[in-house]
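The next block is data_39.txt, given as compact mmCIF, C-alpha atoms and all ligand atoms.
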```txt
# COMPACT_ATOMS: atom_id res chain seq x y z
CA MET K 1 1.13 -21.41 3.82
CA LEU K 2 2.41 -18.55 5.98
CA LEU K 3 -0.94 -16.86 6.67
CA GLU K 4 -3.28 -19.75 7.40
CA ASN K 5 -6.21 -18.68 9.62
CA LYS K 6 -5.20 -15.02 9.27
CA VAL K 7 -7.42 -12.21 8.03
CA MET K 8 -5.80 -9.44 5.96
CA LEU K 9 -7.48 -6.21 4.83
CA ILE K 10 -5.85 -4.14 2.08
CA THR K 11 -6.75 -0.67 0.80
CA GLY K 12 -6.54 0.15 -2.90
CA ALA K 13 -6.52 -3.48 -3.93
CA SER K 14 -8.71 -3.51 -7.02
CA LYS K 15 -5.54 -3.40 -9.12
CA GLY K 16 -1.81 -2.82 -9.05
CA ILE K 17 0.28 -3.44 -5.94
CA GLY K 18 -2.74 -3.90 -3.67
CA ARG K 19 -4.13 -6.59 -5.92
CA GLY K 20 -0.74 -8.29 -6.13
CA ILE K 21 -0.54 -8.40 -2.33
CA ALA K 22 -4.17 -9.57 -1.98
CA VAL K 23 -3.76 -12.47 -4.39
CA GLY K 24 -0.35 -13.42 -2.96
CA ALA K 25 -1.60 -13.36 0.64
CA ALA K 26 -4.66 -15.44 -0.30
CA LYS K 27 -2.32 -18.06 -1.80
CA HIS K 28 -0.72 -18.23 1.65
CA GLY K 29 -4.09 -18.94 3.25
CA ALA K 30 -5.21 -15.45 4.33
CA LYS K 31 -8.85 -14.44 4.14
CA ILE K 32 -8.91 -11.13 2.28
CA GLY K 33 -10.90 -7.90 2.38
CA ILE K 34 -10.19 -5.24 -0.22
CA ASN K 35 -11.06 -1.55 -0.35
CA TYR K 36 -11.08 0.44 -3.59
CA ALA K 37 -12.20 3.86 -4.84
CA GLY K 38 -14.30 3.44 -7.95
CA ASP K 39 -13.38 0.61 -10.30
CA ASP K 40 -16.11 -1.92 -9.46
CA ALA K 41 -15.16 -4.29 -12.29
CA ALA K 42 -11.52 -4.46 -11.23
CA ALA K 43 -12.46 -5.01 -7.58
CA SER K 44 -14.85 -7.82 -8.55
CA ALA K 45 -12.12 -9.38 -10.68
CA THR K 46 -9.70 -9.40 -7.74
CA VAL K 47 -12.28 -11.07 -5.50
CA ALA K 48 -13.16 -13.56 -8.25
CA GLU K 49 -9.50 -14.49 -8.78
CA ILE K 50 -9.07 -15.23 -5.08
CA LYS K 51 -12.29 -17.24 -4.87
CA ALA K 52 -11.45 -19.20 -8.05
CA ALA K 53 -8.26 -20.32 -6.36
CA GLY K 54 -10.25 -21.56 -3.34
CA GLY K 55 -9.81 -18.50 -1.13
CA GLU K 56 -12.24 -16.19 0.65
CA ALA K 57 -12.56 -12.49 -0.14
CA PHE K 58 -14.86 -9.49 -0.15
CA ALA K 59 -14.63 -5.97 -1.60
CA LEU K 60 -15.95 -2.70 -0.18
CA LYS K 61 -15.88 0.59 -2.06
CA GLY K 62 -14.78 3.65 -0.10
CA ASP K 63 -12.60 6.76 -0.32
CA VAL K 64 -9.75 6.36 2.17
CA SER K 65 -9.60 10.14 2.66
CA ASP K 66 -12.99 9.92 4.39
CA PRO K 67 -12.51 8.75 8.01
CA GLN K 68 -15.91 7.01 7.93
CA SER K 69 -14.58 4.70 5.17
CA ALA K 70 -11.98 3.38 7.58
CA LYS K 71 -14.60 2.53 10.20
CA ASP K 72 -16.83 0.91 7.57
CA PHE K 73 -13.99 -1.17 6.11
CA ILE K 74 -12.86 -2.47 9.49
CA GLN K 75 -16.45 -3.30 10.47
CA ALA K 76 -16.92 -5.15 7.17
CA GLY K 77 -13.81 -7.20 7.89
CA VAL K 78 -15.14 -8.15 11.31
CA ASP K 79 -18.61 -8.92 9.90
CA HIS K 80 -17.14 -11.20 7.21
CA PHE K 81 -14.38 -12.95 9.09
CA GLY K 82 -14.78 -12.16 12.81
CA LYS K 83 -11.36 -10.52 13.28
CA ILE K 84 -8.50 -8.68 11.60
CA ASP K 85 -4.91 -9.90 11.92
CA SER K 86 -3.16 -7.82 9.32
CA PHE K 87 -3.87 -4.45 7.73
CA VAL K 88 -2.14 -3.14 4.61
CA SER K 89 -2.52 0.58 3.90
CA ASN K 90 -1.77 0.73 0.20
CA ALA K 91 -4.23 3.06 -1.59
CA GLY K 92 -2.52 6.01 -3.19
CA ILE K 93 -2.41 8.43 -6.09
CA CYS K 94 0.41 10.17 -7.91
CA PRO K 95 -0.87 12.80 -10.34
CA PHE K 96 2.46 13.90 -11.81
CA HIS K 97 2.70 17.72 -11.89
CA ALA K 98 5.36 20.44 -11.97
CA PHE K 99 6.12 22.21 -8.69
CA LEU K 100 5.90 25.91 -9.57
CA ASP K 101 2.32 25.86 -10.85
CA MET K 102 0.91 23.00 -8.72
CA PRO K 103 -2.86 23.47 -8.35
CA GLN K 104 -3.83 23.65 -4.69
CA GLU K 105 -6.46 20.95 -5.19
CA VAL K 106 -3.91 18.48 -6.65
CA LEU K 107 -1.64 19.04 -3.65
CA GLU K 108 -4.41 18.74 -1.10
CA ARG K 109 -6.07 15.69 -2.69
CA THR K 110 -2.71 13.86 -2.80
CA LEU K 111 -2.09 14.62 0.88
CA ARG K 112 -5.61 13.59 1.87
CA VAL K 113 -5.61 10.27 0.02
CA ASN K 114 -2.02 9.15 0.61
CA LEU K 115 -1.33 10.45 4.11
CA HIS K 116 -4.62 11.19 5.85
CA GLY K 117 -6.10 8.03 4.34
CA ALA K 118 -3.26 5.85 5.62
CA TRP K 119 -3.57 7.48 9.04
CA TYR K 120 -7.35 6.98 9.39
CA MET K 121 -7.18 3.41 8.15
CA SER K 122 -4.22 2.46 10.33
CA GLN K 123 -5.88 3.95 13.42
CA ALA K 124 -9.17 2.13 12.80
CA ALA K 125 -7.37 -1.18 12.19
CA ALA K 126 -5.21 -0.74 15.29
CA ASN K 127 -8.22 -0.02 17.49
CA GLN K 128 -9.84 -3.24 16.30
CA MET K 129 -6.64 -5.24 16.94
CA VAL K 130 -6.30 -3.76 20.45
CA LYS K 131 -9.94 -4.69 21.13
CA GLN K 132 -9.30 -8.26 19.95
CA GLY K 133 -6.35 -8.49 22.33
CA HIS K 134 -4.08 -10.81 20.34
CA GLY K 135 -1.82 -8.40 18.46
CA GLY K 136 -1.58 -8.00 14.72
CA THR K 137 0.39 -6.30 11.98
CA LEU K 138 0.13 -2.97 10.18
CA ILE K 139 1.94 -2.59 6.88
CA ALA K 140 2.04 0.68 4.95
CA VAL K 141 3.01 0.86 1.31
CA SER K 142 5.42 3.80 1.35
CA SER K 143 7.96 4.12 -1.47
CA ILE K 144 11.56 4.54 -2.45
CA SER K 145 10.20 8.09 -2.84
CA ALA K 146 10.31 8.41 0.95
CA LEU K 147 14.10 8.49 0.54
CA VAL K 148 14.62 10.33 -2.75
CA GLY K 149 12.81 13.05 -4.69
CA GLY K 150 11.05 13.46 -8.00
CA GLU K 151 10.75 16.63 -10.08
CA TYR K 152 7.04 16.05 -10.79
CA GLN K 153 6.32 14.47 -7.39
CA THR K 154 6.85 17.36 -4.93
CA HIS K 155 3.34 16.81 -3.57
CA TYR K 156 3.69 13.00 -3.55
CA THR K 157 7.11 12.23 -2.07
CA PRO K 158 6.31 13.98 1.27
CA THR K 159 3.28 11.70 1.63
CA LYS K 160 5.45 8.62 1.19
CA ALA K 161 7.96 9.92 3.76
CA GLY K 162 4.98 10.60 6.01
CA VAL K 163 3.63 7.07 5.68
CA LEU K 164 7.07 5.64 6.54
CA SER K 165 7.15 7.91 9.60
CA LEU K 166 3.62 6.81 10.52
CA MET K 167 4.76 3.19 10.74
CA GLN K 168 7.77 4.17 12.85
CA SER K 169 5.62 6.07 15.34
CA THR K 170 2.82 3.49 15.43
CA ALA K 171 5.44 0.80 16.07
CA ILE K 172 6.22 2.66 19.30
CA ALA K 173 2.59 3.34 20.17
CA LEU K 174 1.38 -0.20 19.49
CA GLY K 175 4.27 -2.46 20.50
CA LYS K 176 2.77 -2.83 23.98
CA HIS K 177 -0.31 -4.35 22.30
CA GLY K 178 1.74 -6.85 20.29
CA ILE K 179 1.04 -5.00 17.06
CA ARG K 180 3.98 -4.84 14.64
CA CYS K 181 4.14 -1.89 12.21
CA ASN K 182 6.35 -1.86 9.13
CA ALA K 183 6.70 -0.08 5.80
CA LEU K 184 7.23 -1.48 2.33
CA LEU K 185 9.20 0.79 -0.01
CA PRO K 186 8.58 -0.24 -3.61
CA GLY K 187 10.79 1.10 -6.39
CA THR K 188 9.13 1.48 -9.76
CA ILE K 189 6.39 -1.12 -10.20
CA LEU K 190 4.47 -1.28 -13.48
CA THR K 191 0.88 -0.29 -12.66
CA ASP K 192 -1.76 2.20 -13.77
CA ILE K 193 -0.27 4.88 -11.51
CA ASN K 194 2.73 5.30 -13.84
CA LYS K 195 1.34 3.99 -17.13
CA ASP K 196 1.34 7.43 -18.77
CA ASP K 197 4.70 8.45 -17.32
CA LEU K 198 6.37 5.24 -18.55
CA ALA K 199 4.65 5.30 -21.95
CA ASP K 200 7.70 7.31 -22.95
CA ASP K 201 10.03 4.50 -24.13
CA ALA K 202 13.18 6.47 -23.38
CA LYS K 203 12.11 7.12 -19.79
CA ARG K 204 11.04 3.52 -19.27
CA GLN K 205 14.31 2.15 -20.61
CA TYR K 206 16.25 4.59 -18.47
CA MET K 207 14.34 3.52 -15.35
CA GLU K 208 14.92 -0.16 -16.19
CA SER K 209 18.64 0.50 -16.64
CA ARG K 210 18.81 2.14 -13.20
CA THR K 211 17.86 -1.13 -11.47
CA CYS K 212 20.50 -3.74 -10.59
CA LEU K 213 18.19 -6.49 -11.86
CA GLY K 214 17.61 -4.82 -15.24
CA ARG K 215 13.81 -4.75 -15.03
CA LEU K 216 11.00 -2.78 -13.45
CA GLY K 217 8.82 -4.47 -10.85
CA GLN K 218 5.49 -6.24 -11.30
CA PRO K 219 2.70 -6.09 -8.67
CA GLU K 220 3.41 -9.75 -7.85
CA ASP K 221 6.91 -8.76 -6.73
CA MET K 222 5.34 -6.98 -3.74
CA ALA K 223 3.43 -10.03 -2.49
CA GLY K 224 6.29 -12.00 -0.90
CA PRO K 225 7.62 -9.06 1.14
CA ALA K 226 4.08 -8.23 2.37
CA VAL K 227 3.35 -11.87 3.27
CA PHE K 228 6.66 -12.06 5.15
CA LEU K 229 5.94 -8.92 7.20
CA ALA K 230 2.42 -10.14 8.01
CA SER K 231 3.61 -13.61 9.00
CA ASP K 232 5.05 -14.99 12.21
CA LEU K 233 8.40 -15.29 10.40
CA ALA K 234 8.67 -11.53 11.01
CA GLY K 235 7.68 -11.83 14.69
CA TYR K 236 10.55 -9.60 15.89
CA VAL K 237 10.33 -7.10 13.00
CA THR K 238 8.67 -3.79 13.84
CA GLY K 239 9.38 -0.18 12.96
CA ALA K 240 11.30 -1.45 9.95
CA SER K 241 11.25 -0.54 6.28
CA LEU K 242 11.87 -2.93 3.43
CA LEU K 243 13.00 -1.60 0.05
CA VAL K 244 11.62 -3.70 -2.80
CA ASP K 245 13.17 -1.93 -5.77
CA GLY K 246 15.31 -4.35 -7.79
CA GLY K 247 18.37 -2.46 -6.54
CA LEU K 248 17.30 0.96 -7.86
CA PHE K 249 18.25 2.92 -4.73
CA VAL K 250 21.81 1.66 -4.35
CA ASN K 251 22.71 2.08 -8.02
CA LEU K 252 24.42 5.45 -8.03
CA GLN K 253 27.07 4.67 -10.66
N1 LIG K 301 3.63 1.71 -8.85
C1 LIG K 301 4.75 2.17 -8.31
O1 LIG K 301 5.80 2.30 -8.96
C2 LIG K 301 4.76 2.52 -6.88
C3 LIG K 301 3.63 2.65 -6.11
N2 LIG K 301 3.73 2.95 -4.78
C4 LIG K 301 2.55 3.06 -3.96
O2 LIG K 301 1.79 1.87 -4.07
C5 LIG K 301 0.43 2.16 -3.80
C6 LIG K 301 -0.45 1.50 -4.86
O3 LIG K 301 -0.11 2.07 -6.10
P1 LIG K 301 -0.28 1.31 -7.49
O4 LIG K 301 -0.71 -0.06 -7.27
O5 LIG K 301 0.94 1.57 -8.25
O6 LIG K 301 -1.45 2.18 -8.13
P2 LIG K 301 -2.75 1.78 -9.00
O7 LIG K 301 -3.17 3.06 -9.61
O8 LIG K 301 -2.46 0.62 -9.86
O9 LIG K 301 -3.83 1.34 -7.91
C7 LIG K 301 -4.30 2.27 -6.99
C8 LIG K 301 -5.34 1.62 -6.12
O10 LIG K 301 -5.71 2.56 -5.10
C9 LIG K 301 -7.11 2.77 -5.16
N3 LIG K 301 -7.40 4.14 -4.75
C10 LIG K 301 -7.02 5.29 -5.33
N4 LIG K 301 -7.52 6.34 -4.65
C11 LIG K 301 -8.23 5.83 -3.63
C12 LIG K 301 -9.01 6.38 -2.60
N5 LIG K 301 -9.16 7.71 -2.46
N6 LIG K 301 -9.64 5.55 -1.75
C13 LIG K 301 -9.53 4.20 -1.87
N7 LIG K 301 -8.81 3.62 -2.82
C14 LIG K 301 -8.17 4.42 -3.70
C15 LIG K 301 -7.51 2.45 -6.57
O11 LIG K 301 -8.92 2.14 -6.60
P3 LIG K 301 -9.74 2.15 -8.01
O12 LIG K 301 -9.14 1.06 -8.82
O13 LIG K 301 -11.13 1.85 -7.65
O14 LIG K 301 -9.50 3.48 -8.61
C16 LIG K 301 -6.62 1.25 -6.84
O15 LIG K 301 -7.16 0.11 -6.25
C17 LIG K 301 0.31 3.68 -3.73
O16 LIG K 301 0.27 4.08 -2.39
C18 LIG K 301 1.60 4.16 -4.37
O17 LIG K 301 2.01 5.39 -3.85
C19 LIG K 301 4.92 3.13 -4.17
C20 LIG K 301 6.06 3.03 -4.89
C21 LIG K 301 6.09 2.73 -6.28
C1 LIG K 302 4.36 6.52 -9.64
C2 LIG K 302 5.83 6.42 -9.79
O1 LIG K 302 6.18 5.75 -10.96
C3 LIG K 302 6.43 5.65 -8.70
O2 LIG K 302 5.86 6.01 -7.48
C4 LIG K 302 6.75 5.86 -6.55
O3 LIG K 302 6.50 5.96 -5.38
C5 LIG K 302 8.06 5.51 -7.14
O4 LIG K 302 9.04 6.28 -6.59
C6 LIG K 302 7.90 5.80 -8.57
O5 LIG K 302 8.27 7.13 -8.81
```
Is it possible to give me this structure as structure tokens?
Amino acid sequence: MLLENKVMLITGASKGIGRGIAVGAAKHGAKIGINYAGDDAAASATVAEIKAAGGEAFALKGDVSDPQSAKDFIQAGVDHFGKIDSFVSNAGICPFHAFLDMPQEVLERTLRVNLHGAWYMSQAAANQMVKQGHGGTLIAVSSISALVGGEYQTHYTPTKAGVLSLMQSTAIALGKHGIRCNALLPGTILTDINKDDLADDAKRQYMESRTCLGRLGQPEDMAGPAVFLASDLAGYVTGASLLVDGGLFVNLQ
């Protein structure tokens, strides 16, 4: 149990990677708070799964692009559990679209949710941790897409590079408060965000073949790396990024 007596809040955890991290961290003893945008049933199911396994959890709906949501989520964490030890900024969208005719609203919504949302949430969590006075950890779910591009992701990949950069700069700003800040860089993980894109069998098989391990990731694959970064095992790890991609990035030929 690496996270006993720790409180972890996670954005975008009704499903997908956020849910995988929430359930995995709860198995390691963390008390969990989840944020989500609109899928009440999925959020309730995540909370129920954690409680059924003997853990503690709550869910709060809120749009991460609204700065007030960050304040509300942090306050809810304090109200439920009295403190926050670890904050995972995970919520994100990736509406695949071509570059040349990108609607302005698709671009701006992607920036607001993925980058502004991570920024507001990380700042609110950090302020709470500084107030508590015993350090903490910020983790941002960036992406392999912070390092490489995507033809239909010209609005998305800059947000993932931005989130990686956010963790590097907050590591500097918050080290003096004992707050460690790190980024997780998933490769391709099978979730709703890419269900339509990977419905194309040829594309899915191609993406699988690009990994060294011969398979795409599952949300559960993200739990161990997140638990490690949140735990005292990673006590000297800050400003770092951890690729969790089954060897996709290194596999040039
Ligand atoms: N899947 C992949 O291959 C990869 C994903 N990532 C990143 O991982 C993160 C999670 O993605 P993934 O699990 O795949 O996606 P999913 O679509 O499976 O889950 C997205 C989650 O984010 C929530 N969400 C979406 N918009 C908002 C918002 N405005 N405010 C609050 N919550 C919101 C959703 O809530 P609700 O259910 O209520 O809609 C849901 O809980 C994203 O940041 C993504 O960029 C990075 C690399 C690879
Ligand atoms: C949504 C995509 O399948 C996924 O998102 C990322 O960040 C990865 O790079 C994949 O492209």
### Task
Compare K:His97, K:Val227, K:Ala140, K:Leu174 by their minimum atom-to-atom distance to Gly162 (chain K), counting all atoms listed in the file, and give me the closest one.
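With all atoms listed in the file as the atom set, the closest residue is K:Ala140.
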### Task
Please provide as number ranges by chain all residues within 7 Å of region 191-194 of chain K, with the sequence filter that same-chain residues fewer than 3 positions apart are discarded (counting all atoms listed in the file).
K: 16, 93-94, 197-198
Can you pull out every residue with an atom within 8 Å of ligand LIG 302 (chain K)? Use all atoms listed in the file and format it as a compact mmCIF listing (two decimals) with C-alpha atoms, in the frame of the given file.
```
# COMPACT_ATOMS: atom_id res chain seq x y z
CA ILE K 93 -2.41 8.43 -6.09
CA CYS K 94 0.41 10.17 -7.91
CA PHE K 96 2.46 13.90 -11.81
CA SER K 142 5.42 3.80 1.35
CA SER K 143 7.96 4.12 -1.47
CA ILE K 144 11.56 4.54 -2.45
CA SER K 145 10.20 8.09 -2.84
CA ALA K 146 10.31 8.41 0.95
CA VAL K 148 14.62 10.33 -2.75
CA GLY K 149 12.81 13.05 -4.69
CA GLY K 150 11.05 13.46 -8.00
CA GLN K 153 6.32 14.47 -7.39
CA TYR K 156 3.69 13.00 -3.55
CA THR K 157 7.11 12.23 -2.07
CA LYS K 160 5.45 8.62 1.19
CA LEU K 185 9.20 0.79 -0.01
CA PRO K 186 8.58 -0.24 -3.61
CA GLY K 187 10.79 1.10 -6.39
CA THR K 188 9.13 1.48 -9.76
CA ILE K 189 6.39 -1.12 -10.20
CA LEU K 190 4.47 -1.28 -13.48
CA ILE K 193 -0.27 4.88 -11.51
CA ASN K 194 2.73 5.30 -13.84
CA ASP K 197 4.70 8.45 -17.32
CA LEU K 198 6.37 5.24 -18.55
```
### Message
So that I can see what lies close to region 202-219 of chain K, please list as a ChimeraX atom specification the residues with an atom at most 10 Å from it, counting only C-alpha atoms and leaving out residues fewer than 6 positions away in the same chain.
### Response
/K:15-21,24,186-191,195,244-253
Determine, counting all atoms listed in the file, which protein, DNA and RNA residues have an atom within 6 Å of an atom of Asn90 (chain K); residues of the same chain fewer than 2 positions away are not included. Present the result as a PDB file with C-alpha atoms, in the frame of the given file.
```pdb
ATOM      1  CA  THR K  11      -6.750  -0.670   0.800  1.00  0.00           C
ATOM      2  CA  GLY K  12      -6.540   0.150  -2.900  1.00  0.00           C
ATOM      3  CA  VAL K  88      -2.140  -3.140   4.610  1.00  0.00           C
ATOM      4  CA  VAL K 141       3.010   0.860   1.310  1.00  0.00           C
TER       5      VAL K 141
END
```
### Query
Quick one: residues within 9 Å of Arg180 (chain K), only C-alpha atoms counted, chain neighbours fewer than 2 positions away excluded, as number ranges by chain?
K: 135-139, 167, 170-171, 174-175, 177-178, 182, 229-230, 234-239
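Comparing the minimum interatomic distances between ligand LIG 301 (chain K) and each of K:Pro95, K:Gly62, K:Gly133, K:Gly82, counting all atoms listed in the file, we find that K:Gly62 sits nearest.
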### Shortest interatomic distance to ligand LIG 301 (chain K) - which of K:Val163, K:Ala240, K:Leu107, K:Ala126, counting all atoms listed in the file
K:Val163
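Distance annotation: of K:Ala25, K:Leu166, K:Leu60, K:Ala45, the residue with the minimal separation from Val7 (chain K) is K:Ala25; atom set is only C-alpha atoms.
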### Message
For a quick check of understanding, using all atoms listed in the file, which of K:His80, K:Lys27, K:Lys176, K:His116 has the smallest distance to ligand LIG 301 (chain K)?
### Response
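Under the stated criterion, the closest residue is K:His116.
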### Task
Rank K:Tyr120, K:Phe228, K:Phe81, K:Phe99 by their smallest atom-to-atom distance to ligand LIG 301 (chain K), using only C-alpha atoms and all ligand atoms, and report the top residue only.
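Of all the options, K:Tyr120 lies closest to ligand LIG 301 (chain K).
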Given 5 Å on each side, where is the centre and what are the edge lengths in Å to one decimal of the axis-aligned box enclosing the listed atoms of ligand LIG 301 (chain K), as AutoDock Vina command-line options?
```
--center_x -2.5 --center_y 3.8 --center_z -5.8 --size_x 27.2 --size_y 17.8 --size_z 18.1
```
### Summary
In Å and to one decimal, CA of Glu4 (chain K) is distant from atom O1 of ligand LIG 301 (chain K) by 28.9 Å
